[in-house]
>>> print(open('run10.txt').read())   # compact mmCIF, C-alpha atoms and all ligand atoms
# COMPACT_ATOMS: atom_id res chain seq x y z
CA MET A 468 -13.42 22.84 25.03
CA ALA A 469 -10.21 24.65 25.81
CA THR A 470 -8.58 23.82 29.11
CA ILE A 471 -5.76 25.46 30.97
CA ASN A 472 -2.28 24.15 31.67
CA LYS A 473 -3.01 22.89 35.18
CA ASN A 474 0.67 23.03 36.08
CA PHE A 475 0.23 26.76 36.62
CA ASP A 476 -1.99 25.92 39.60
CA LYS A 477 0.96 24.18 41.25
CA LEU A 478 3.00 27.40 41.38
CA GLN A 479 3.45 29.36 44.56
CA ARG A 480 1.85 32.45 43.12
CA GLY A 481 4.13 35.48 43.26
CA TYR A 482 3.98 35.19 47.02
CA LEU A 483 7.42 36.60 47.80
CA PHE A 484 7.40 39.96 46.05
CA SER A 485 3.71 40.68 46.63
CA GLU A 486 4.20 39.99 50.34
CA ILE A 487 7.25 42.29 50.43
CA ALA A 488 5.21 45.00 48.69
CA LYS A 489 2.30 44.53 51.13
CA ARG A 490 4.49 44.74 54.25
CA THR A 491 6.27 47.81 52.81
CA ARG A 492 2.92 49.49 52.07
CA ASP A 493 1.67 48.76 55.60
CA PHE A 494 4.87 50.23 57.07
CA ILE A 495 4.61 53.42 54.97
CA GLU A 496 0.95 53.84 55.99
CA LYS A 497 1.87 53.49 59.66
CA LYS A 498 4.89 55.79 59.39
CA PRO A 499 4.22 58.30 56.61
CA GLY A 500 7.21 60.48 55.80
CA VAL A 501 9.78 57.85 56.77
CA GLY A 502 11.75 56.98 53.65
CA VAL A 503 12.34 53.29 53.04
CA MET A 504 15.61 52.11 51.47
CA ARG A 505 15.38 49.26 49.02
CA LEU A 506 18.19 46.74 48.96
CA GLY A 507 15.92 43.95 47.86
CA VAL A 508 15.66 44.08 44.10
CA GLY A 509 18.30 42.69 41.72
CA ASP A 510 17.90 45.44 39.14
CA THR A 511 20.61 47.76 37.85
CA THR A 512 20.44 51.49 38.62
CA GLU A 513 23.37 53.13 36.82
CA PRO A 514 23.00 54.51 33.28
CA LEU A 515 24.35 52.88 30.14
CA SER A 516 27.98 53.83 29.59
CA PRO A 517 28.88 56.47 26.93
CA PHE A 518 30.40 54.13 24.35
CA VAL A 519 27.40 51.80 24.54
CA VAL A 520 24.97 54.73 24.18
CA LYS A 521 26.93 55.85 21.11
CA GLY A 522 26.74 52.32 19.65
CA MET A 523 22.99 52.19 20.17
CA MET A 524 22.46 55.70 18.75
CA GLU A 525 24.37 54.69 15.64
CA GLY A 526 22.17 51.59 15.47
CA VAL A 527 19.08 53.81 15.57
CA GLU A 528 20.52 56.11 12.89
CA ARG A 529 21.17 53.15 10.61
CA LEU A 530 17.52 52.20 10.98
CA GLY A 531 16.53 55.73 9.98
CA ASN A 532 18.42 55.63 6.70
CA VAL A 533 17.08 53.80 3.67
CA LYS A 534 20.59 52.71 2.67
CA THR A 535 21.38 51.04 5.99
CA TYR A 536 17.93 50.01 7.23
CA THR A 537 17.58 46.38 8.31
CA GLY A 538 14.55 44.40 9.43
CA TYR A 539 14.52 40.89 10.75
CA GLN A 540 17.88 39.29 11.54
CA ASP A 541 20.11 40.14 8.65
CA ALA A 542 21.69 37.11 7.05
CA GLU A 543 24.58 39.16 5.72
CA GLY A 544 25.39 40.45 9.16
CA LYS A 545 25.31 44.13 8.19
CA GLU A 546 23.58 45.02 11.42
CA GLY A 547 22.61 42.16 13.55
CA ASN A 548 23.16 38.67 14.58
CA ILE A 549 26.34 37.69 12.74
CA LYS A 550 28.19 40.82 13.83
CA LEU A 551 27.29 40.12 17.44
CA GLN A 552 28.01 36.40 17.09
CA ASN A 553 31.49 37.26 15.82
CA ALA A 554 32.05 39.71 18.67
CA LEU A 555 31.02 36.96 21.12
CA ILE A 556 33.32 34.45 19.41
CA ASN A 557 36.21 36.87 19.97
CA PHE A 558 35.07 37.49 23.55
CA TYR A 559 35.22 33.73 24.25
CA LYS A 560 38.61 33.51 22.51
CA THR A 561 40.04 35.78 25.21
CA LYS A 562 39.07 33.00 27.64
CA ASN A 563 40.73 30.40 25.38
CA ILE A 564 37.37 29.00 24.31
CA ASN A 565 36.69 28.39 20.63
CA LEU A 566 33.09 28.54 19.46
CA GLU A 567 31.47 28.47 16.04
CA ALA A 568 28.89 31.09 15.05
CA GLN A 569 26.14 28.46 14.80
CA GLU A 570 26.71 27.55 18.45
CA ILE A 571 25.73 31.05 19.63
CA PHE A 572 22.07 32.07 19.78
CA VAL A 573 21.44 35.74 20.54
CA ASN A 574 18.38 36.23 22.72
CA ASP A 575 16.39 39.01 24.36
CA GLY A 576 17.74 38.26 27.83
CA ALA A 577 18.82 35.18 29.73
CA LYS A 578 15.54 34.55 31.54
CA THR A 579 13.68 33.80 28.31
CA ASP A 580 16.07 31.03 27.29
CA LEU A 581 16.57 29.68 30.83
CA ALA A 582 12.88 28.83 30.78
CA ASN A 583 12.35 28.02 27.08
CA ILE A 584 15.34 25.68 26.76
CA GLN A 585 13.27 23.04 28.57
CA SER A 586 11.08 22.66 25.49
CA ILE A 587 13.73 20.67 23.61
CA PHE A 588 13.98 17.97 26.29
CA GLY A 589 11.74 14.99 26.94
CA SER A 590 8.77 15.66 29.19
CA ASN A 591 9.77 12.96 31.68
CA ASN A 592 13.30 14.29 32.21
CA ILE A 593 14.18 14.71 35.88
CA VAL A 594 15.38 18.17 36.85
CA ALA A 595 17.74 19.17 39.66
CA ILE A 596 17.93 22.69 41.07
CA SER A 597 19.79 24.27 43.96
CA ASP A 598 17.98 25.18 47.15
CA PRO A 599 17.88 28.19 47.56
CA VAL A 600 17.43 28.97 43.87
CA TYR A 601 16.78 31.73 41.35
CA PRO A 602 13.01 31.16 40.99
CA ALA A 603 12.87 31.13 37.15
CA TYR A 604 14.40 27.64 36.95
CA LEU A 605 11.95 26.26 39.45
CA ASP A 606 8.81 27.84 38.06
CA SER A 607 9.61 26.97 34.44
CA THR A 608 10.17 23.35 35.49
CA VAL A 609 6.79 23.32 37.24
CA ILE A 610 5.01 24.92 34.26
CA ALA A 611 6.62 22.37 31.91
CA GLY A 612 5.03 19.61 33.99
CA ARG A 613 8.28 18.11 35.21
CA THR A 614 7.23 18.12 38.87
CA GLY A 615 4.45 16.76 41.00
CA GLU A 616 2.63 18.75 43.67
CA LEU A 617 4.13 21.09 46.23
CA VAL A 618 4.40 19.28 49.56
CA ASP A 619 5.87 21.07 52.61
CA GLY A 620 7.61 23.64 50.43
CA LYS A 621 9.14 21.10 48.01
CA TYR A 622 7.90 19.77 44.69
CA GLU A 623 7.54 16.05 44.26
CA GLY A 624 9.66 14.67 41.45
CA LEU A 625 12.17 17.53 41.60
CA VAL A 626 15.68 16.95 42.95
CA TYR A 627 17.01 19.64 45.30
CA MET A 628 20.72 20.28 45.78
CA GLU A 629 20.86 21.95 49.17
CA CYS A 630 23.26 24.86 49.61
CA ASN A 631 24.25 25.72 53.12
CA GLU A 632 27.08 27.06 55.25
CA LYS A 633 28.76 23.64 55.28
CA ASN A 634 29.20 23.51 51.49
CA GLY A 635 29.82 27.26 51.21
CA PHE A 636 26.46 27.59 49.42
CA VAL A 637 27.89 25.77 46.38
CA PRO A 638 25.82 22.71 45.43
CA VAL A 639 27.24 19.23 44.97
CA PRO A 640 25.92 16.88 42.26
CA PRO A 641 22.88 14.83 43.28
CA LYS A 642 23.28 11.28 44.56
CA GLU A 643 20.51 10.03 42.31
CA LYS A 644 20.42 10.13 38.52
CA VAL A 645 18.91 13.27 37.02
CA ASP A 646 18.69 14.48 33.42
CA ILE A 647 18.79 18.28 33.59
CA ILE A 648 20.75 20.31 36.13
CA TYR A 649 20.41 24.06 36.55
CA LEU A 650 23.54 25.77 37.88
CA CYS A 651 23.84 29.47 38.63
CA ASN A 652 27.41 30.65 39.05
CA PRO A 653 28.17 33.15 40.60
CA ASN A 654 25.02 32.57 42.49
CA ASN A 655 21.84 34.50 42.92
CA PRO A 656 20.68 34.62 45.74
CA THR A 657 23.60 33.50 47.92
CA GLY A 658 26.46 35.38 46.20
CA SER A 659 28.60 32.22 46.33
CA VAL A 660 31.00 31.23 43.55
CA ALA A 661 32.22 27.78 42.48
CA THR A 662 35.84 26.79 41.91
CA LYS A 663 37.06 24.92 38.85
CA LYS A 664 37.22 21.73 40.92
CA GLN A 665 33.63 22.09 42.05
CA LEU A 666 32.44 22.60 38.47
CA GLU A 667 34.49 19.58 37.37
CA THR A 668 32.43 17.38 39.69
CA PHE A 669 29.29 18.48 37.83
CA ILE A 670 30.82 17.89 34.39
CA ASP A 671 31.98 14.41 35.49
CA TYR A 672 28.49 13.69 36.82
CA ALA A 673 26.79 14.95 33.65
CA ILE A 674 29.02 12.94 31.31
CA LYS A 675 28.60 9.81 33.42
CA ASN A 676 24.81 10.16 33.64
CA LYS A 677 24.27 11.65 30.17
CA ALA A 678 22.72 14.67 31.84
CA VAL A 679 22.65 18.26 30.56
CA ILE A 680 23.83 21.21 32.63
CA ILE A 681 22.05 24.49 32.03
CA TYR A 682 24.66 26.93 33.20
CA ASP A 683 23.45 30.43 34.05
CA ALA A 684 26.48 32.69 33.79
CA ALA A 685 24.65 36.03 34.17
CA TYR A 686 27.07 37.22 36.87
CA VAL A 687 30.43 35.87 35.63
CA GLU A 688 31.79 39.34 34.95
CA TYR A 689 31.54 39.98 38.70
CA ILE A 690 34.24 37.37 39.34
CA SER A 691 37.36 39.21 40.42
CA ASP A 692 39.64 36.23 41.12
CA GLN A 693 41.27 35.25 37.81
CA SER A 694 41.73 31.64 38.94
CA LEU A 695 37.94 31.13 39.06
CA PRO A 696 36.23 29.94 35.85
CA LYS A 697 34.28 32.58 33.91
CA SER A 698 32.64 30.11 31.57
CA ILE A 699 31.60 26.48 32.00
CA TYR A 700 33.60 25.73 28.84
CA GLU A 701 36.81 26.37 30.75
CA ILE A 702 36.14 22.93 32.23
CA GLU A 703 37.28 20.00 30.13
CA GLY A 704 34.41 18.03 28.67
CA ALA A 705 31.83 20.80 29.23
CA LYS A 706 31.03 21.14 25.54
CA LYS A 707 29.72 17.59 25.62
CA CYS A 708 27.17 18.28 28.33
CA ALA A 709 26.60 21.98 29.07
CA ILE A 710 24.51 24.79 27.65
CA GLU A 711 25.70 28.21 28.79
CA ILE A 712 23.23 31.08 29.04
CA ASN A 713 24.47 34.61 29.62
CA SER A 714 23.21 38.17 29.59
CA PHE A 715 24.28 41.78 29.13
CA SER A 716 21.84 42.79 31.89
CA LYS A 717 23.96 42.95 34.98
CA TRP A 718 27.41 43.91 33.72
CA SER A 719 26.39 46.46 31.09
CA GLY A 720 23.12 47.76 32.49
CA PHE A 721 20.91 46.02 29.89
CA THR A 722 18.08 44.99 32.24
CA GLY A 723 15.79 47.36 30.33
CA VAL A 724 17.50 47.08 26.94
CA ARG A 725 17.11 43.26 26.94
CA LEU A 726 19.87 41.18 25.39
CA GLY A 727 21.71 37.96 26.10
CA TRP A 728 22.94 34.80 24.42
CA THR A 729 22.83 31.04 24.67
CA VAL A 730 25.60 28.65 23.67
CA VAL A 731 24.51 25.19 22.53
CA PRO A 732 27.72 23.39 21.52
CA MET A 733 27.70 21.15 18.46
CA ASP A 734 29.45 18.52 20.60
CA LEU A 735 26.56 18.35 23.07
CA VAL A 736 25.10 14.88 22.76
CA ILE A 737 22.30 13.40 24.84
CA GLU A 738 20.46 10.09 24.88
CA GLY A 739 19.53 9.03 21.36
CA THR A 740 21.09 12.00 19.55
CA GLN A 741 24.11 12.56 17.37
CA ARG A 742 26.53 15.47 17.22
CA GLY A 743 24.73 18.70 16.32
CA LYS A 744 21.19 17.41 16.95
CA VAL A 745 20.59 19.32 20.20
CA ASN A 746 22.03 22.45 18.59
CA SER A 747 19.72 22.09 15.60
CA LEU A 748 16.71 21.41 17.84
CA TRP A 749 17.29 24.70 19.64
CA GLY A 750 17.77 26.44 16.29
CA ARG A 751 14.45 24.96 15.14
CA ARG A 752 12.71 26.04 18.32
CA GLN A 753 14.03 29.59 18.04
CA GLY A 754 13.32 29.76 14.32
CA THR A 755 9.70 28.90 15.02
CA MET A 756 9.03 30.88 18.18
CA PHE A 757 11.51 33.79 18.22
CA ASN A 758 12.15 36.44 15.59
CA GLY A 759 15.45 37.71 16.93
CA ALA A 760 16.51 40.37 19.39
CA SER A 761 16.21 44.10 18.70
CA ASN A 762 18.90 45.22 16.27
CA VAL A 763 19.37 48.43 18.28
CA ALA A 764 20.07 46.35 21.41
CA GLN A 765 22.50 44.25 19.36
CA ALA A 766 24.32 47.39 18.21
CA GLY A 767 24.69 48.26 21.91
CA ALA A 768 26.00 44.78 22.69
CA VAL A 769 28.59 44.97 19.90
CA ALA A 770 29.73 48.22 21.53
CA VAL A 771 29.89 46.48 24.95
CA LEU A 772 32.22 43.86 23.47
CA SER A 773 34.62 46.42 21.96
CA PRO A 774 37.73 47.37 23.97
CA ALA A 775 36.15 50.70 25.04
CA GLY A 776 32.86 49.00 25.95
CA LEU A 777 34.56 46.24 27.94
CA LYS A 778 36.48 48.88 29.90
CA GLU A 779 33.30 50.80 30.71
CA SER A 780 31.42 47.63 31.69
CA LYS A 781 34.24 46.68 34.00
CA GLU A 782 33.90 50.08 35.65
CA MET A 783 30.16 49.53 36.07
CA VAL A 784 30.74 46.16 37.71
CA GLY A 785 33.40 47.81 39.89
CA TYR A 786 30.86 50.40 41.03
CA TYR A 787 28.36 47.78 42.18
CA MET A 788 31.08 45.68 43.77
CA ARG A 789 32.25 48.71 45.73
CA ASN A 790 28.64 48.94 46.98
CA ALA A 791 28.79 45.25 47.91
CA LYS A 792 31.98 45.83 49.87
CA ILE A 793 30.45 48.77 51.75
CA ILE A 794 27.44 46.65 52.73
CA LYS A 795 29.46 43.56 53.63
CA ASP A 796 32.21 45.32 55.60
CA ASN A 797 29.72 47.32 57.64
CA LEU A 798 27.52 44.34 58.45
CA LEU A 799 30.56 42.31 59.48
CA LYS A 800 31.72 45.16 61.71
CA LEU A 801 28.30 45.24 63.34
CA GLY A 802 28.59 41.53 64.14
CA PHE A 803 26.40 40.01 61.43
CA LYS A 804 27.36 36.75 59.76
CA VAL A 805 27.54 37.55 56.07
CA PHE A 806 28.28 35.54 52.89
CA GLY A 807 28.80 36.38 49.21
CA GLY A 808 29.41 39.93 47.98
CA GLU A 809 32.92 39.22 46.65
CA HIS A 810 32.28 37.74 43.22
CA ALA A 811 28.60 38.58 42.94
CA PRO A 812 26.43 41.62 43.70
CA TYR A 813 24.47 39.73 46.37
CA ILE A 814 25.04 39.63 50.10
CA TRP A 815 23.54 36.69 51.94
CA VAL A 816 22.97 37.63 55.56
CA LYS A 817 22.46 35.05 58.26
CA ASN A 818 19.59 36.23 60.42
CA PRO A 819 20.69 37.19 63.92
CA LYS A 820 19.38 35.43 67.02
CA GLY A 821 17.71 32.63 65.06
CA LEU A 822 15.10 34.97 63.59
CA SER A 823 13.12 33.58 60.67
CA SER A 824 13.53 35.25 57.27
CA TRP A 825 10.27 37.18 57.65
CA GLU A 826 10.98 38.16 61.28
CA PHE A 827 14.34 39.59 60.23
CA PHE A 828 12.75 41.31 57.23
CA ASP A 829 10.21 43.01 59.55
CA LYS A 830 12.83 44.00 62.12
CA LEU A 831 15.11 45.49 59.46
CA LEU A 832 12.18 47.40 57.96
CA ASN A 833 10.79 48.65 61.27
CA GLU A 834 14.08 49.62 62.90
CA ALA A 835 16.36 50.60 59.98
CA HIS A 836 13.73 51.17 57.25
CA VAL A 837 15.73 48.93 54.92
CA ILE A 838 14.07 46.38 52.65
CA GLY A 839 15.81 43.09 51.87
CA THR A 840 14.50 39.88 50.35
CA PRO A 841 13.67 37.06 52.78
CA GLY A 842 15.82 34.03 51.98
CA CYS A 843 12.89 31.65 52.45
CA GLY A 844 11.42 33.06 49.23
CA PHE A 845 14.19 31.29 47.31
CA GLY A 846 13.51 27.87 48.82
CA THR A 847 13.25 26.09 52.14
CA ALA A 848 17.06 26.09 52.59
CA GLY A 849 16.96 29.90 52.38
CA GLU A 850 15.01 30.09 55.65
CA GLY A 851 17.02 31.94 58.28
CA TYR A 852 18.74 34.20 55.71
CA LEU A 853 18.06 37.49 53.95
CA ARG A 854 19.40 38.69 50.59
CA LEU A 855 20.67 42.23 50.12
CA THR A 856 21.68 43.51 46.70
CA ALA A 857 24.51 45.85 45.78
CA PHE A 858 22.50 47.41 42.97
CA GLY A 859 21.77 51.01 43.91
CA HIS A 860 23.17 54.52 43.82
CA ARG A 861 26.16 54.88 46.15
CA GLU A 862 24.47 57.52 48.32
CA ASP A 863 21.43 55.25 48.84
CA ILE A 864 23.65 52.30 49.76
CA GLU A 865 25.56 54.47 52.25
CA LYS A 866 22.32 55.83 53.71
CA ALA A 867 20.94 52.31 54.16
CA VAL A 868 24.13 51.06 55.79
CA LYS A 869 24.24 54.07 58.12
CA SER A 870 20.63 53.50 59.10
CA ILE A 871 21.33 49.84 59.92
CA ARG A 872 24.39 50.95 61.94
CA ASP A 873 22.48 53.65 63.86
CA ASN A 874 19.08 52.06 64.32
CA PHE A 875 19.17 48.27 64.12
CA LYS A 876 19.20 46.58 67.52
CA LEU A 877 21.21 43.42 67.13
C1 LIG A 901 20.65 34.37 38.02
C2 LIG A 901 19.95 35.20 37.00
N1 LIG A 901 19.81 34.73 35.76
C3 LIG A 901 19.16 35.44 34.82
C4 LIG A 901 18.60 36.65 35.12
C5 LIG A 901 17.81 37.37 34.09
O1 LIG A 901 18.62 38.00 33.17
P1 LIG A 901 18.02 38.79 31.93
O2 LIG A 901 17.79 40.20 32.36
O3 LIG A 901 19.07 38.67 30.90
O4 LIG A 901 16.75 38.13 31.51
C6 LIG A 901 18.72 37.19 36.40
C7 LIG A 901 18.10 38.48 36.72
O5 LIG A 901 18.00 38.92 37.82
C8 LIG A 901 19.42 36.44 37.37
O6 LIG A 901 19.56 36.88 38.61
>>> encode(input="run10.txt", output="structure tokens")
Amino acid sequence: MATINKNFDKLQRGYLFSEIAKRTRDFIEKKPGVGVMRLGVGDTTEPLSPFVVKGMMEGVERLGNVKTYTGYQDAEGKEGNIKLQNALINFYKTKNINLEAQEIFVNDGAKTDLANIQSIFGSNNIVAISDPVYPAYLDSTVIAGRTGELVDGKYEGLVYMECNEKNGFVPVPPKEKVDIIYLCNPNNPTGSVATKKQLETFIDYAIKNKAVIIYDAAYVEYISDQSLPKSIYEIEGAKKCAIEINSFSKWSGFTGVRLGWTVVPMDLVIEGTQRGKVNSLWGRRQGTMFNGASNVAQAGAVAVLSPAGLKESKEMVGYYMRNAKIIKDNLLKLGFKVFGGEHAPYIWVKNPKGLSSWEFFDKLLNEAHVIGTPGCGFGTAGEGYLRLTAFGHREDIEKAVKSIRDNFKL
């Protein structure tokens, strides 16, 4: 008799976004004709840039020609993987990081690998996550059976690294010994960013405890201060203990195209393994369960990594960060306490007058018709905050900010 993976029953089932949708629907029913402004969703809105579109179109044309057609990942690198791997190697070289092609695994977006990477680790490994946290790390840990039950909003057996105003929403390594640590830098949802020193404490911890850091770098291109690290491998020793997962989604508009990459260094060694073993395990896993990313998407990514593509992506990031500045500056002027929004497209708003996350969500919706994401949806330490995103067309961002200014009663 087949049975289900009972770990799924432990999940808090899609509560956050379905509840947001329900409250929004109720509001629209009560006040038909009032337009709501959505600053809640972390999805890109601006079109692919011209050079990237050209790269993808050429990729499509190659597929339509018998002489240049390619199927599964092409071992000779005419179209796919190797070409992109080389472009990524050169991209890392500009950050003074040397990688080998076999250390780079192209994927169909960061989320896939952030979850699937757990399959190469022992089932009794202890996992640490930040609180608040990007939910994919939490849910994939629960599904993999590395937690107990949910008790008072926290899973037994999981280690939480609380992020709060005191630590600037940057976690510190756990006091106890853990085996796998998820880090998201710059951070979703809080918009915080870690310094080199702060990341060094995690590398020291990981080396000392033979732990692995799964470093989600999806927003690194939003870092504007050149002294801040843009890859975990800028930290000495990181190749021995860190897997970096990145994505073209947020800096090149690939949320719908789907493409990212994972770096598993040859030097990464964990309990009972030798050099290269973890890398080969991930290669084995991908070889068995993944047939490669779309070669059209890869043609687009190669274009992103060219000088023209990098320039256009920088402009796209600049557009969203201008939105972030508009939101942040206006909220500060109105007297809100606001965090993030300088090296990440997320603005973490402290709820006024001690309102709970849902109370503030309702008040913002009812008075200003703006939808945010309640901080409590990202973990118990997110209670009392609300996340706004800078993804949106400029005119919509300005409209939302104006509505908060004119209608919200602080
Ligand atoms: C922190 C973080 N990591 C990963 C992802 C997912 O990226 P991808 O679109 O490459 O799957 C997101 C998407 O919102 C994110 O916020």
>>> closest_atom_pairs(input="run10.txt", of="chain A", to="ligand LIG 901 (chain A)", cutoff="10 Å", atoms="all atoms listed in the file", output="CSV")
residue,atom,partner,partner_atom,distance
A:Val508,CA,A:LIG901,O5,8.5
A:Gly509,CA,A:LIG901,O5,5.4
A:Asp510,CA,A:LIG901,O5,6.7
A:Thr511,CA,A:LIG901,O5,9.2
A:Asn574,CA,A:LIG901,O3,8.6
A:Asp575,CA,A:LIG901,O3,7.1
A:Gly576,CA,A:LIG901,O3,3.4
A:Ala577,CA,A:LIG901,O3,3.7
A:Lys578,CA,A:LIG901,O4,3.8
A:Thr579,CA,A:LIG901,O4,6.2
A:Asp580,CA,A:LIG901,O4,8.3
A:Leu581,CA,A:LIG901,C3,7.5
A:Ala582,CA,A:LIG901,C3,10.0
A:Val600,CA,A:LIG901,C1,8.6
A:Tyr601,CA,A:LIG901,C1,5.7
A:Pro602,CA,A:LIG901,C1,8.8
A:Ala603,CA,A:LIG901,N1,7.9
A:Tyr604,CA,A:LIG901,N1,9.0
A:Leu650,CA,A:LIG901,C1,9.1
A:Cys651,CA,A:LIG901,C1,5.9
A:Asn652,CA,A:LIG901,C1,7.8
A:Pro653,CA,A:LIG901,C1,8.0
A:Asn654,CA,A:LIG901,C1,6.5
A:Asn655,CA,A:LIG901,C1,5.0
A:Pro656,CA,A:LIG901,O6,7.6
A:Tyr682,CA,A:LIG901,N1,9.5
A:Asp683,CA,A:LIG901,N1,5.9
A:Ala684,CA,A:LIG901,N1,7.2
A:Ala685,CA,A:LIG901,N1,5.3
A:Tyr686,CA,A:LIG901,C1,7.1
A:Ile712,CA,A:LIG901,C3,8.3
A:Asn713,CA,A:LIG901,O3,6.9
A:Ser714,CA,A:LIG901,O3,4.4
A:Phe715,CA,A:LIG901,O3,6.3
A:Ser716,CA,A:LIG901,O2,4.8
A:Lys717,CA,A:LIG901,O2,7.2
A:Gly720,CA,A:LIG901,O2,9.3
A:Phe721,CA,A:LIG901,O2,7.1
A:Thr722,CA,A:LIG901,O2,4.8
A:Gly723,CA,A:LIG901,O2,7.7
A:Val724,CA,A:LIG901,O2,8.8
A:Arg725,CA,A:LIG901,O2,6.3
A:Leu726,CA,A:LIG901,O3,6.1
A:Gly727,CA,A:LIG901,O3,5.5
A:Trp728,CA,A:LIG901,O3,8.5
A:Pro812,CA,A:LIG901,O6,9.8
A:Tyr813,CA,A:LIG901,O6,9.6
>>> write_last_selection(input="run10.txt", atoms="C-alpha atoms", output="PDB file, in the frame of the given file")
ATOM      1  CA  VAL A 508      15.660  44.080  44.100  1.00  0.00           C
ATOM      2  CA  GLY A 509      18.300  42.690  41.720  1.00  0.00           C
ATOM      3  CA  ASP A 510      17.900  45.440  39.140  1.00  0.00           C
ATOM      4  CA  THR A 511      20.610  47.760  37.850  1.00  0.00           C
ATOM      5  CA  ASN A 574      18.380  36.230  22.720  1.00  0.00           C
ATOM      6  CA  ASP A 575      16.390  39.010  24.360  1.00  0.00           C
ATOM      7  CA  GLY A 576      17.740  38.260  27.830  1.00  0.00           C
ATOM      8  CA  ALA A 577      18.820  35.180  29.730  1.00  0.00           C
ATOM      9  CA  LYS A 578      15.540  34.550  31.540  1.00  0.00           C
ATOM     10  CA  THR A 579      13.680  33.800  28.310  1.00  0.00           C
ATOM     11  CA  ASP A 580      16.070  31.030  27.290  1.00  0.00           C
ATOM     12  CA  LEU A 581      16.570  29.680  30.830  1.00  0.00           C
ATOM     13  CA  ALA A 582      12.880  28.830  30.780  1.00  0.00           C
ATOM     14  CA  VAL A 600      17.430  28.970  43.870  1.00  0.00           C
ATOM     15  CA  TYR A 601      16.780  31.730  41.350  1.00  0.00           C
ATOM     16  CA  PRO A 602      13.010  31.160  40.990  1.00  0.00           C
ATOM     17  CA  ALA A 603      12.870  31.130  37.150  1.00  0.00           C
ATOM     18  CA  TYR A 604      14.400  27.640  36.950  1.00  0.00           C
ATOM     19  CA  LEU A 650      23.540  25.770  37.880  1.00  0.00           C
ATOM     20  CA  CYS A 651      23.840  29.470  38.630  1.00  0.00           C
ATOM     21  CA  ASN A 652      27.410  30.650  39.050  1.00  0.00           C
ATOM     22  CA  PRO A 653      28.170  33.150  40.600  1.00  0.00           C
ATOM     23  CA  ASN A 654      25.020  32.570  42.490  1.00  0.00           C
ATOM     24  CA  ASN A 655      21.840  34.500  42.920  1.00  0.00           C
ATOM     25  CA  PRO A 656      20.680  34.620  45.740  1.00  0.00           C
ATOM     26  CA  TYR A 682      24.660  26.930  33.200  1.00  0.00           C
ATOM     27  CA  ASP A 683      23.450  30.430  34.050  1.00  0.00           C
ATOM     28  CA  ALA A 684      26.480  32.690  33.790  1.00  0.00           C
ATOM     29  CA  ALA A 685      24.650  36.030  34.170  1.00  0.00           C
ATOM     30  CA  TYR A 686      27.070  37.220  36.870  1.00  0.00           C
ATOM     31  CA  ILE A 712      23.230  31.080  29.040  1.00  0.00           C
ATOM     32  CA  ASN A 713      24.470  34.610  29.620  1.00  0.00           C
ATOM     33  CA  SER A 714      23.210  38.170  29.590  1.00  0.00           C
ATOM     34  CA  PHE A 715      24.280  41.780  29.130  1.00  0.00           C
ATOM     35  CA  SER A 716      21.840  42.790  31.890  1.00  0.00           C
ATOM     36  CA  LYS A 717      23.960  42.950  34.980  1.00  0.00           C
ATOM     37  CA  GLY A 720      23.120  47.760  32.490  1.00  0.00           C
ATOM     38  CA  PHE A 721      20.910  46.020  29.890  1.00  0.00           C
ATOM     39  CA  THR A 722      18.080  44.990  32.240  1.00  0.00           C
ATOM     40  CA  GLY A 723      15.790  47.360  30.330  1.00  0.00           C
ATOM     41  CA  VAL A 724      17.500  47.080  26.940  1.00  0.00           C
ATOM     42  CA  ARG A 725      17.110  43.260  26.940  1.00  0.00           C
ATOM     43  CA  LEU A 726      19.870  41.180  25.390  1.00  0.00           C
ATOM     44  CA  GLY A 727      21.710  37.960  26.100  1.00  0.00           C
ATOM     45  CA  TRP A 728      22.940  34.800  24.420  1.00  0.00           C
ATOM     46  CA  PRO A 812      26.430  41.620  43.700  1.00  0.00           C
ATOM     47  CA  TYR A 813      24.470  39.730  46.370  1.00  0.00           C
TER      48      TYR A 813
END
>>> closest_atom_pairs(input="run10.txt", of="region 834-866 of chain A", to="region 630-642 of chain A", cutoff="12 Å", atoms="all atoms listed in the file", output="CSV")
residue,atom,partner,partner_atom,distance
A:Gly842,CA,A:Asn631,CA,11.9
A:Phe845,CA,A:Cys630,CA,11.4
A:Gly846,CA,A:Cys630,CA,10.2
A:Thr847,CA,A:Cys630,CA,10.4
A:Ala848,CA,A:Cys630,CA,7.0
A:Gly849,CA,A:Asn631,CA,8.4
A:Glu850,CA,A:Asn631,CA,10.5
A:Gly851,CA,A:Asn631,CA,10.8
A:Tyr852,CA,A:Asn631,CA,10.4
>>> closest_residue(input="run10.txt", among="A:Lys644, A:Lys697, A:Lys550, A:Lys473", to="Gln765 (chain A)", atoms="all atoms listed in the file")
A:Lys550
>>> atom_distance(input="run10.txt", atom1="CA of Asp476 (chain A)", atom2="CA of Thr840 (chain A)")
24.1 Å
>>> residues_around(input="run10.txt", residues="region 832-839 of chain A", least_positions_apart="3", cutoff="6 Å", atoms="all atoms listed in the file", output="list in words")
Val503, Met504, Arg505, Leu506, Gly507, Asp829, Arg854, Leu855, Ser870, Ile871, Asn874 and Phe875 of chain A
>>> closest_residue(input="run10.txt", among="A:Ala867, A:Ala764, A:Met468, A:Ala554", to="Glu525 (chain A)", atoms="only C-alpha atoms")
A:Ala764
>>> atom_distance(input="run10.txt", atom1="CA of Leu530 (chain A)", atom2="CA of Ser719 (chain A)")
22.7 Å
>>> closest_residue(input="run10.txt", among="A:Lys706, A:Arg529, A:Lys498, A:His860", to="Met783 (chain A)", atoms="all atoms listed in the file")
A:His860
>>> decode(input="run10.txt", residues="region 723-727 of chain A", atoms="C-alpha atoms", output="short mmCIF file (atom, residue, chain, number, x, y, z; two decimals), in the first residue's frame")
data_model
loop_
_atom_site.label_atom_id
_atom_site.label_comp_id
_atom_site.auth_asym_id
_atom_site.auth_seq_id
_atom_site.Cartn_x
_atom_site.Cartn_y
_atom_site.Cartn_z
CA GLY A 723 9.62 33.71 -15.94
CA VAL A 724 12.55 32.60 -18.10
CA ARG A 725 13.95 30.42 -15.27
CA LEU A 726 17.72 30.15 -14.92
CA GLY A 727 20.29 30.08 -12.15
#
